[in-house]
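A.B. asks: So I've got this file, query-v4.cif, and it contains mmCIF, C-alpha atoms:
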```cif
data_target
loop_
_atom_site.label_atom_id
_atom_site.label_comp_id
_atom_site.auth_asym_id
_atom_site.auth_seq_id
_atom_site.Cartn_x
_atom_site.Cartn_y
_atom_site.Cartn_z
CA ILE A 1 100.77 -347.14 135.50
CA ASP A 2 101.67 -343.71 136.85
CA PHE A 3 101.62 -340.06 135.81
CA LYS A 4 103.92 -337.08 136.00
CA SER A 5 102.42 -333.74 135.01
CA SER A 6 103.51 -330.11 134.97
CA ILE A 7 99.93 -328.95 134.29
CA ARG A 8 98.34 -327.95 137.59
CA ASN A 9 94.71 -328.11 136.38
CA LEU A 10 95.02 -331.79 135.57
CA ASN A 11 94.84 -332.46 139.29
CA ARG A 12 91.10 -331.87 139.06
CA ILE A 13 90.44 -334.84 136.81
CA ASP A 14 91.04 -338.52 137.20
CA LEU A 15 93.64 -339.26 134.59
CA LYS A 16 93.01 -342.96 134.92
CA ASP A 17 89.56 -342.46 133.37
CA LEU A 18 91.30 -341.27 130.18
CA LEU A 19 93.35 -344.45 129.77
CA GLU A 20 92.57 -347.28 127.39
CA LEU A 21 94.74 -349.75 129.36
CA HIS A 22 94.98 -350.71 133.03
CA SER A 23 97.21 -352.64 135.40
CA GLY A 24 97.14 -356.33 134.53
CA ASP A 25 96.32 -355.80 130.82
CA TRP A 26 98.52 -357.06 128.02
CA PHE A 27 100.93 -354.36 126.89
CA SER A 28 99.63 -352.65 123.73
CA SER A 29 101.29 -349.73 121.96
CA GLU A 30 97.98 -349.06 120.18
CA GLU A 31 96.18 -348.59 123.51
CA ILE A 32 98.99 -346.30 124.69
CA ASP A 33 98.54 -344.16 121.56
CA LYS A 34 94.77 -343.92 122.20
CA SER A 35 95.43 -342.96 125.83
CA ILE A 36 97.82 -340.20 124.71
CA LYS A 37 95.13 -338.85 122.37
CA ASN A 38 92.58 -338.79 125.22
CA ILE A 39 95.01 -336.88 127.45
CA ASN A 40 95.77 -334.42 124.64
CA ASP A 41 92.02 -333.82 124.13
CA LYS A 42 91.54 -333.11 127.83
CA THR A 43 94.51 -330.73 128.03
CA SER A 44 93.21 -328.98 124.92
CA GLU A 45 89.91 -328.35 126.72
CA LEU A 46 91.96 -326.53 129.35
CA GLY A 47 93.51 -324.32 126.65
CA PHE A 48 96.91 -326.02 126.25
CA ALA A 49 97.36 -326.53 122.53
CA PHE A 50 100.85 -327.99 122.47
CA VAL A 51 101.33 -330.61 125.16
CA ASP A 52 103.80 -333.47 124.97
CA VAL A 53 102.67 -336.76 126.50
CA ILE A 54 105.69 -339.05 126.67
CA PRO A 55 105.15 -342.71 127.62
CA ARG A 56 108.20 -343.89 129.56
CA VAL A 57 108.31 -347.71 129.64
CA LYS A 58 110.46 -349.57 132.19
CA LYS A 59 110.82 -353.36 132.10
CA ILE A 60 110.16 -355.20 135.38
CA GLY A 61 111.33 -358.82 135.46
CA GLU A 62 110.74 -361.08 132.47
CA ASP A 63 107.14 -360.29 131.50
CA LYS A 64 106.05 -356.99 133.07
CA VAL A 65 106.56 -353.28 132.43
CA ASP A 66 105.80 -350.06 134.27
CA VAL A 67 104.40 -347.18 132.18
CA LEU A 68 104.87 -343.56 133.23
CA PHE A 69 102.93 -340.91 131.28
CA ASP A 70 105.09 -337.80 131.45
CA ILE A 71 102.88 -334.80 130.60
CA VAL A 72 104.97 -331.76 129.69
CA GLN A 73 103.18 -328.45 129.51
CA GLY A 74 103.61 -326.16 126.53
CA PRO A 75 102.53 -322.52 126.49
CA LYS A 76 98.83 -321.71 126.70
CA ILE A 77 97.78 -320.66 123.20
CA TYR A 78 95.16 -318.10 122.21
CA ILE A 79 93.47 -317.58 118.83
CA ASP A 80 94.80 -314.44 117.14
CA ARG A 81 93.07 -314.43 113.75
CA ILE A 82 90.58 -316.66 111.97
CA GLN A 83 91.07 -316.57 108.21
CA ILE A 84 88.45 -318.03 105.87
CA SER A 85 89.15 -319.02 102.27
CA GLY A 86 87.42 -320.89 99.45
CA ASN A 87 83.98 -319.34 100.03
CA LEU A 88 83.42 -317.68 96.65
CA LYS A 89 79.65 -317.32 97.14
CA THR A 90 79.01 -317.96 100.82
CA GLU A 91 79.38 -314.96 103.12
CA ASP A 92 82.09 -315.13 105.81
CA GLU A 93 79.45 -314.69 108.50
CA VAL A 94 77.79 -317.99 107.50
CA VAL A 95 81.09 -319.80 108.14
CA ARG A 96 81.94 -317.90 111.33
CA ARG A 97 78.64 -318.63 113.07
CA GLU A 98 79.29 -322.38 112.74
CA LEU A 99 82.68 -322.08 114.44
CA GLU A 100 82.92 -322.89 118.15
CA LEU A 101 85.84 -320.45 118.55
CA VAL A 102 86.31 -316.71 118.03
CA GLU A 103 89.39 -314.48 118.09
CA GLY A 104 90.77 -314.24 121.61
CA ASP A 105 89.56 -317.67 122.77
CA SER A 106 92.04 -320.16 124.16
CA PHE A 107 92.98 -322.93 121.74
CA ASN A 108 90.77 -326.05 121.96
CA SER A 109 91.18 -328.96 119.53
CA LEU A 110 87.82 -330.45 120.50
CA LYS A 111 86.04 -327.24 119.51
CA ILE A 112 87.98 -327.20 116.25
CA ARG A 113 86.76 -330.72 115.42
CA GLN A 114 83.20 -329.73 116.38
CA SER A 115 83.50 -326.66 114.12
CA GLU A 116 84.46 -328.90 111.20
CA LYS A 117 81.45 -331.11 111.94
CA ASN A 118 79.15 -328.06 112.09
CA LEU A 119 80.36 -326.77 108.72
CA ARG A 120 79.95 -330.15 107.04
CA SER A 121 76.45 -330.62 108.45
CA ILE A 122 74.98 -327.45 106.89
CA GLY A 123 75.37 -329.04 103.46
CA LEU A 124 77.06 -326.13 101.66
CA PHE A 125 80.59 -327.50 101.41
CA ASP A 126 82.15 -330.56 99.83
CA ASN A 127 85.24 -330.26 102.01
CA VAL A 128 86.20 -328.46 105.22
CA ASP A 129 89.75 -328.22 106.55
CA ILE A 130 90.74 -326.22 109.65
CA LYS A 131 94.46 -325.77 110.26
CA TYR A 132 96.28 -323.84 112.93
CA GLU A 133 99.62 -322.09 112.76
CA GLU A 134 101.58 -321.07 115.86
CA LEU A 135 102.96 -317.54 115.66
CA GLY A 136 106.65 -317.66 116.56
CA GLY A 137 107.70 -315.80 119.70
CA THR A 138 104.12 -315.40 120.93
CA ASN A 139 101.45 -317.44 122.69
CA LYS A 140 99.07 -316.97 119.77
CA SER A 141 97.96 -319.07 116.83
CA ASN A 142 96.06 -318.37 113.63
CA LEU A 143 93.21 -320.57 112.44
CA ASP A 144 92.91 -321.12 108.69
CA VAL A 145 89.45 -322.32 107.69
CA GLU A 146 89.50 -323.61 104.12
CA VAL A 147 86.21 -324.69 102.53
CA THR A 148 85.27 -326.07 99.13
CA GLU A 149 81.81 -324.97 98.08
CA ARG A 150 79.39 -327.36 96.47
CA SER A 151 76.70 -326.50 93.95
CA THR A 152 73.66 -325.56 96.00
CA GLY A 153 71.16 -324.97 93.20
CA GLU A 154 69.15 -328.04 92.30
CA PHE A 155 66.68 -328.80 89.54
CA SER A 156 65.25 -332.28 89.29
CA VAL A 157 62.73 -334.05 87.12
CA GLY A 158 61.68 -337.58 87.97
CA GLY A 159 59.16 -340.22 87.07
CA GLY A 160 58.40 -343.79 87.96
CA TYR A 161 55.98 -346.21 89.49
CA SER A 162 55.27 -346.83 93.16
CA SER A 163 53.21 -349.66 94.60
CA LEU A 164 51.82 -347.09 97.05
CA ASP A 165 51.00 -344.15 94.75
CA GLY A 166 50.94 -345.70 91.28
CA ALA A 167 52.49 -343.88 88.30
CA MET A 168 54.15 -340.66 89.42
CA ALA A 169 56.13 -337.65 88.23
CA ASN A 170 57.95 -334.92 90.11
CA ILE A 171 59.54 -331.54 89.34
CA ALA A 172 61.54 -329.71 92.01
CA ILE A 173 63.75 -326.64 92.15
CA LYS A 174 65.79 -325.68 95.21
CA GLU A 175 68.45 -323.19 96.24
CA SER A 176 70.19 -324.00 99.55
CA ASN A 177 72.41 -320.92 99.68
CA LEU A 178 70.17 -318.05 98.67
CA PHE A 179 72.12 -314.75 98.42
CA GLY A 180 75.14 -316.59 99.89
CA GLN A 181 73.44 -316.50 103.31
CA ALA A 182 72.58 -320.23 103.65
CA LYS A 183 68.87 -319.46 103.24
CA GLU A 184 66.80 -322.16 101.52
CA LEU A 185 64.03 -321.72 98.98
CA SER A 186 62.36 -324.65 97.25
CA LEU A 187 59.34 -325.47 95.12
CA ASP A 188 58.19 -329.06 94.71
CA LEU A 189 55.48 -330.21 92.30
CA GLY A 190 54.38 -333.83 92.39
CA ILE A 191 51.65 -335.82 90.72
CA SER A 192 50.72 -339.48 90.84
CA THR A 193 47.73 -341.72 90.32
CA ARG A 194 46.62 -341.29 93.94
CA ARG A 195 48.25 -338.02 95.02
CA SER A 196 49.22 -334.57 93.77
CA SER A 197 50.97 -331.81 95.70
CA ILE A 198 52.48 -328.32 95.52
CA ASP A 199 54.87 -327.31 98.30
CA LEU A 200 56.69 -323.97 98.58
CA GLN A 201 59.26 -323.72 101.42
CA TYR A 202 61.48 -320.93 102.69
CA THR A 203 63.95 -321.22 105.60
CA ASP A 204 66.25 -318.67 107.19
CA PRO A 205 68.74 -320.55 109.43
CA HIS A 206 69.74 -317.35 111.27
CA PHE A 207 66.52 -315.37 111.57
CA MET A 208 67.04 -311.67 112.39
CA ASP A 209 70.75 -312.39 113.07
CA ARG A 210 69.86 -314.61 116.01
CA ASP A 211 70.59 -318.27 116.66
CA ILE A 212 67.06 -319.15 115.61
CA ALA A 213 66.00 -320.79 112.36
CA ALA A 214 62.61 -319.81 110.98
CA GLY A 215 60.61 -320.65 107.90
CA ILE A 216 57.25 -320.96 106.21
CA ASP A 217 55.64 -323.71 104.14
CA ILE A 218 52.69 -323.16 101.80
CA PHE A 219 51.10 -326.37 100.55
CA ASN A 220 48.23 -327.82 98.57
CA VAL A 221 47.77 -331.59 98.62
CA ARG A 222 45.12 -333.71 96.91
CA ARG A 223 44.78 -337.38 97.84
CA ASN A 224 42.63 -340.04 96.19
CA ASN A 225 41.77 -342.56 98.90
CA LYS A 226 38.85 -344.06 96.99
CA SER A 227 40.47 -347.49 96.69
CA TYR A 228 41.14 -347.84 100.43
CA SER A 229 38.67 -345.60 102.26
CA GLY A 230 36.12 -344.50 99.66
CA TYR A 231 36.79 -340.74 99.68
CA LYS A 232 39.00 -337.96 98.29
CA HIS A 233 40.91 -335.54 100.53
CA ASN A 234 42.10 -332.02 99.65
CA ILE A 235 44.37 -329.97 101.95
CA LEU A 236 45.26 -326.28 101.58
CA GLY A 237 47.27 -324.42 104.19
CA PHE A 238 50.48 -322.96 105.56
CA LYS A 239 52.91 -323.69 108.39
CA LEU A 240 55.15 -321.30 110.32
CA ARG A 241 58.10 -323.02 111.99
CA SER A 242 61.19 -322.20 114.03
CA TRP A 243 63.86 -323.97 116.05
CA TYR A 244 66.88 -323.15 118.15
CA GLU A 245 69.62 -325.05 119.96
CA ILE A 246 69.22 -325.23 123.74
CA ILE A 247 72.63 -326.83 124.28
CA ASP A 248 74.87 -328.88 122.01
CA ASP A 249 72.76 -331.31 119.92
CA LEU A 250 69.55 -330.54 121.90
CA ARG A 251 67.00 -328.49 119.93
CA HIS A 252 63.55 -327.06 120.57
CA PHE A 253 61.06 -326.73 117.69
CA SER A 254 57.90 -324.62 117.51
CA SER A 255 55.32 -324.38 114.76
CA TYR A 256 51.88 -323.11 113.90
CA SER A 257 49.78 -324.58 111.10
CA LEU A 258 46.47 -323.50 109.67
CA LYS A 259 44.84 -325.66 107.02
CA ARG A 260 41.54 -326.37 105.37
CA ASP A 261 40.58 -330.00 104.78
CA LYS A 262 37.92 -331.13 102.35
CA ILE A 263 36.50 -334.67 102.45
CA HIS A 264 34.46 -335.27 99.29
CA ASP A 265 33.43 -337.57 96.43
CA ILE A 266 32.15 -340.26 98.79
CA ASP A 267 30.31 -343.25 97.35
CA ASN A 268 27.07 -344.49 98.90
CA ALA A 269 28.76 -347.82 99.66
CA THR A 270 31.44 -346.11 101.76
CA SER A 271 31.51 -346.51 105.55
CA ILE A 272 28.81 -344.52 107.33
CA TYR A 273 31.50 -343.16 109.65
CA ILE A 274 33.28 -341.57 106.65
CA GLN A 275 30.05 -340.33 105.07
CA GLU A 276 29.28 -338.38 108.25
CA GLN A 277 32.57 -336.47 107.85
CA GLU A 278 31.97 -335.21 104.30
CA GLY A 279 32.56 -331.50 103.86
CA LYS A 280 35.10 -328.77 104.68
CA ARG A 281 36.72 -328.03 108.02
CA THR A 282 39.43 -325.73 109.34
CA THR A 283 42.25 -327.07 111.52
CA SER A 284 44.63 -325.03 113.67
CA ILE A 285 47.71 -326.73 115.15
CA ILE A 286 50.27 -325.46 117.68
CA GLY A 287 53.30 -327.73 117.66
CA GLN A 288 56.16 -328.14 120.15
CA ALA A 289 59.03 -330.63 119.86
CA ILE A 290 62.30 -331.53 121.56
CA GLN A 291 65.05 -333.34 119.62
CA TYR A 292 68.39 -334.71 120.73
CA ASP A 293 70.55 -335.54 117.71
CA LYS A 294 73.87 -337.36 117.92
CA LEU A 295 73.92 -338.63 114.31
CA ASN A 296 77.24 -338.23 112.49
CA ASP A 297 75.49 -337.12 109.28
CA ARG A 298 71.97 -335.76 108.86
CA ILE A 299 71.61 -337.06 105.26
CA ASN A 300 73.34 -340.46 105.30
CA PRO A 301 74.05 -341.35 108.94
CA THR A 302 76.23 -344.35 109.75
CA ASP A 303 76.67 -343.86 113.49
CA GLY A 304 74.88 -342.24 116.40
CA TYR A 305 71.26 -341.79 117.42
CA ARG A 306 68.36 -339.32 117.41
CA ILE A 307 65.43 -338.93 119.81
CA ARG A 308 62.46 -336.66 119.06
CA LEU A 309 59.29 -335.97 121.05
CA ASP A 310 56.42 -334.02 119.43
CA PHE A 311 53.34 -332.48 121.06
CA ASP A 312 50.64 -330.92 118.83
CA PHE A 313 47.57 -329.14 120.15
CA TYR A 314 44.62 -328.99 117.78
CA GLY A 315 42.00 -326.45 118.70
CA LEU A 316 43.07 -322.81 119.03
CA VAL A 317 40.53 -322.09 116.29
CA GLY A 318 38.77 -324.33 113.82
CA ASP A 319 36.85 -327.59 113.97
CA ALA A 320 39.31 -329.96 115.71
CA GLU A 321 40.16 -330.25 119.38
CA HIS A 322 42.62 -332.87 120.63
CA ILE A 323 46.27 -333.44 121.58
CA ASN A 324 48.64 -335.47 119.42
CA ALA A 325 51.92 -336.86 120.84
CA GLU A 326 54.60 -338.81 118.96
CA LEU A 327 57.96 -340.24 120.04
CA LYS A 328 60.55 -341.27 117.44
CA LEU A 329 63.93 -342.91 118.05
CA SER A 330 66.54 -343.87 115.46
CA ASN A 331 69.89 -345.52 116.05
CA PHE A 332 72.75 -346.33 113.66
CA TYR A 333 75.68 -348.61 114.40
CA ARG A 334 78.60 -349.26 112.05
CA ILE A 335 79.58 -352.91 112.37
CA ASP A 336 82.50 -352.38 109.99
CA ASP A 337 83.30 -350.15 107.02
CA GLN A 338 80.62 -351.78 104.86
CA LEU A 339 77.91 -353.02 107.25
CA ILE A 340 75.56 -350.57 108.99
CA LEU A 341 72.84 -351.62 111.43
CA ALA A 342 69.86 -349.29 111.90
CA ASN A 343 66.82 -349.38 114.16
CA PHE A 344 63.78 -347.07 114.20
CA ILE A 345 61.16 -347.07 116.94
CA GLU A 346 58.08 -344.86 116.66
CA GLY A 347 54.90 -344.44 118.64
CA GLY A 348 51.96 -342.05 118.67
CA PHE A 349 48.95 -341.29 120.84
CA ILE A 350 45.94 -338.99 120.35
CA ALA A 351 44.20 -337.71 123.49
CA SER A 352 40.74 -336.79 122.24
CA ILE A 353 38.80 -333.87 123.64
CA ASN A 354 36.14 -334.04 120.93
CA ASP A 355 35.74 -336.67 118.21
CA VAL A 356 38.94 -337.03 116.18
CA LYS A 357 38.19 -336.61 112.48
CA ILE A 358 39.50 -339.05 109.91
CA ASN A 359 41.86 -336.45 108.41
CA ASP A 360 43.64 -336.10 111.81
CA ARG A 361 44.03 -339.81 112.60
CA PHE A 362 47.14 -341.96 112.19
CA PHE A 363 47.52 -343.97 108.98
CA LEU A 364 50.41 -346.36 108.39
CA ASP A 365 51.41 -347.64 104.97
CA GLY A 366 54.31 -349.26 103.15
CA ASP A 367 56.56 -346.23 103.65
CA ARG A 368 56.59 -346.79 107.40
CA MET A 369 56.03 -350.56 107.57
CA ARG A 370 57.18 -352.37 104.47
CA GLY A 371 54.87 -354.85 102.79
CA PHE A 372 51.61 -352.96 103.35
CA LYS A 373 49.50 -350.88 100.99
CA ASN A 374 48.40 -347.28 101.44
CA LEU A 375 46.28 -346.99 104.60
CA GLY A 376 47.05 -350.67 104.97
CA ILE A 377 47.29 -350.93 108.77
CA GLY A 378 44.69 -350.02 111.38
CA PRO A 379 40.99 -350.07 112.20
CA ARG A 380 38.45 -350.73 109.43
CA ASP A 381 34.71 -350.70 109.01
CA SER A 382 33.86 -354.41 109.24
CA SER A 383 31.04 -354.09 106.71
CA THR A 384 32.88 -352.09 104.00
CA SER A 385 36.59 -352.74 104.79
CA ASP A 386 37.25 -348.97 104.53
CA ALA A 387 40.30 -347.82 106.51
CA LEU A 388 39.28 -345.49 109.35
CA GLY A 389 42.65 -344.59 110.86
CA GLY A 390 43.76 -345.07 114.47
CA GLU A 391 44.49 -343.08 117.62
CA ILE A 392 47.44 -345.18 118.86
CA TYR A 393 50.31 -346.73 116.94
CA TYR A 394 53.74 -348.18 117.65
CA ILE A 395 56.23 -349.61 115.21
CA SER A 396 59.80 -350.90 115.06
CA ARG A 397 61.86 -351.03 111.86
CA ASN A 398 65.21 -352.80 111.78
CA GLU A 399 67.71 -352.68 108.91
CA LEU A 400 71.09 -354.05 107.92
CA ASN A 401 72.70 -352.09 105.05
CA PHE A 402 75.39 -353.82 102.99
CA PRO A 403 77.28 -353.05 99.74
CA LEU A 404 76.38 -354.62 96.41
CA GLY A 405 79.77 -354.15 94.79
CA LEU A 406 78.53 -351.19 92.72
CA PRO A 407 80.43 -347.87 92.45
CA ASP A 408 79.92 -345.64 95.50
CA GLU A 409 78.83 -342.78 93.24
CA LEU A 410 75.58 -344.62 92.46
CA GLY A 411 74.56 -344.58 96.11
CA VAL A 412 72.88 -348.01 95.82
CA MET A 413 73.06 -350.35 98.82
CA GLY A 414 71.52 -353.68 99.73
CA LEU A 415 69.08 -353.90 102.64
CA ILE A 416 67.85 -356.68 104.90
CA PHE A 417 64.94 -355.59 107.10
CA ALA A 418 62.54 -356.84 109.73
CA ASP A 419 59.61 -354.57 110.67
#
```
Render the structure in this file as structure tokens.

C.D. replies:
Amino acid sequence: IDFKSSIRNLNRIDLKDLLELHSGDWFSSEEIDKSIKNINDKTSELGFAFVDVIPRVKKIGEDKVDVLFDIVQGPKIYIDRIQISGNLKTEDEVVRRELELVEGDSFNSLKIRQSEKNLRSIGLFDNVDIKYEELGGTNKSNLDVEVTERSTGEFSVGGGYSSLDGAMANIAIKESNLFGQAKELSLDLGISTRRSSIDLQYTDPHFMDRDIAAGIDIFNVRRNNKSYSGYKHNILGFKLRSWYEIIDDLRHFSSYSLKRDKIHDIDNATSIYIQEQEGKRTTSIIGQAIQYDKLNDRINPTDGYRIRLDFDFYGLVGDAEHINAELKLSNFYRIDDQLILANFIEGGFIASINDVKINDRFFLDGDRMRGFKNLGIGPRDSSTSDALGGEIYYISRNELNFPLGLPDELGVMGLIFAD
């Protein structure tokens, strides 16, 4: 295998690393095509939009061939204009800030593909298509960004029965493209036998015209833990949150929460440990997190992985003082078009400065480890069997998703799991 190139900058890279075949392999036209694509991607990074990679095959003896990749340089192309169409509601600026290219940049097919991925991931468009058109007699090209908007207003009403929460009902309203600026506003009302909640959320993905997302949550949650821990728990509070991208796919999250917890309606037969915690308390939480996300889809991923590390400090003001750390990893692997393997590993640790109250401890249930009831895993009072929560946990969930032969529109899959 050899190379012939008229592109000077290619001398800086090892072209052999881009090949899918090597000396001694069986000849494969498919591997040659993949190698040509890799070389085209690399030359595109250098700004050469139209490069011909010609595989010249010469037979040697009865059962061998030599392959020469002849790389012919085209003109270096620059972006002249970016034209956006199909966005009837969404402002042009929302589309432009997801593009990896601006007018005047050199052409780069990798950045075009990343731009398409960015636009699909924000959830505002059903379809995204970026085409380029070379302007005759120049070294410039136009980019045509064509999007198909999806309905971003949602209203849902639901009801059912859960083995964890009993009978339940839910009403939610959400707008994901408020004022055509990709801002989100949602209100969620839920009620069940063991839980009721009100949650108002607002998010600006481009706060103050900067590459920072910011938002606020206001919430009121009431939990009935009488069956498992002998008490009721009310939570009222708010959370300020923000995040920004450090580099591609690596994000930093910050938050501040202030909430009031109320532990009440405790029976005399309940654990003494829980009885001692009856009353109201204020909790202040400063949160920091780092996340590296290589998932191909944030809603229904089928390939890639995500790693997230959270640190929360309890104690700026209020009645709690400790540090909470959690690490979460998820990985998806597509075995074929219909089989998807997934693995989730999670762990948490509380470093106590003062006594950690029951409302700040870890509780695991059937949502996180299938087969268990609410508050079903962890330390208990040996005399009353009341769940007390834990300060360390680790868990692994493994899944194999497979089709059931139902229409794709139903979104129903089969699942084999081992937790």

A.B. asks: Rounded to one decimal, what separation in Å do you get between atom CA of A:Ser242 and atom CA of A:Glu184?

C.D. replies: 13.7 Å

A.B. asks: Find the spatial neighbours of A:Ser156, counting only C-alpha atoms, within a cut-off of 9 Å - ignore same-chain residues fewer than 5 positions away - and output them as a list in words.

C.D. replies: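 The residues that qualify are Asn170, Ile171, Ala172, Ile173 and Lys174 of chain A.
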
A.B. asks: Which distance in Å separates atom CA of A:Ser151 and atom CA of A:His206, to one decimal?

C.D. replies: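 It comes out at 20.8 Å.
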
A.B. asks: Would you list the residues near (46.7, -344.8, 97.2), meaning any protein, DNA or RNA residue with an atom at most 9 Å from that point in file coordinates, counting all atoms listed in the file, as a list in words?

C.D. replies: Ser163, Leu164, Asp165, Gly166, Thr193, Arg194, Arg195, Arg223, Asn224, Asn225, Lys226, Ser227, Tyr228, Lys373, Asn374 and Leu375 of chain A

A.B. asks: Suppose a student applies the PyMOL selection byres ((chain A and resi 168) around 6) to this structure; what residues should they get, written as an mmCIF file with C-alpha atoms, keeping the file's coordinate frame?

C.D. replies:
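That gives us result-v2.cif:
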```cif
data_model
loop_
_atom_site.group_PDB
_atom_site.id
_atom_site.type_symbol
_atom_site.label_atom_id
_atom_site.label_comp_id
_atom_site.auth_asym_id
_atom_site.auth_seq_id
_atom_site.Cartn_x
_atom_site.Cartn_y
_atom_site.Cartn_z
ATOM 1 C CA GLY A 159 59.160 -340.220 87.070
ATOM 2 C CA GLY A 160 58.400 -343.790 87.960
ATOM 3 C CA TYR A 161 55.980 -346.210 89.490
ATOM 4 C CA ALA A 167 52.490 -343.880 88.300
ATOM 5 C CA ALA A 169 56.130 -337.650 88.230
ATOM 6 C CA ILE A 191 51.650 -335.820 90.720
ATOM 7 C CA SER A 192 50.720 -339.480 90.840
#
```
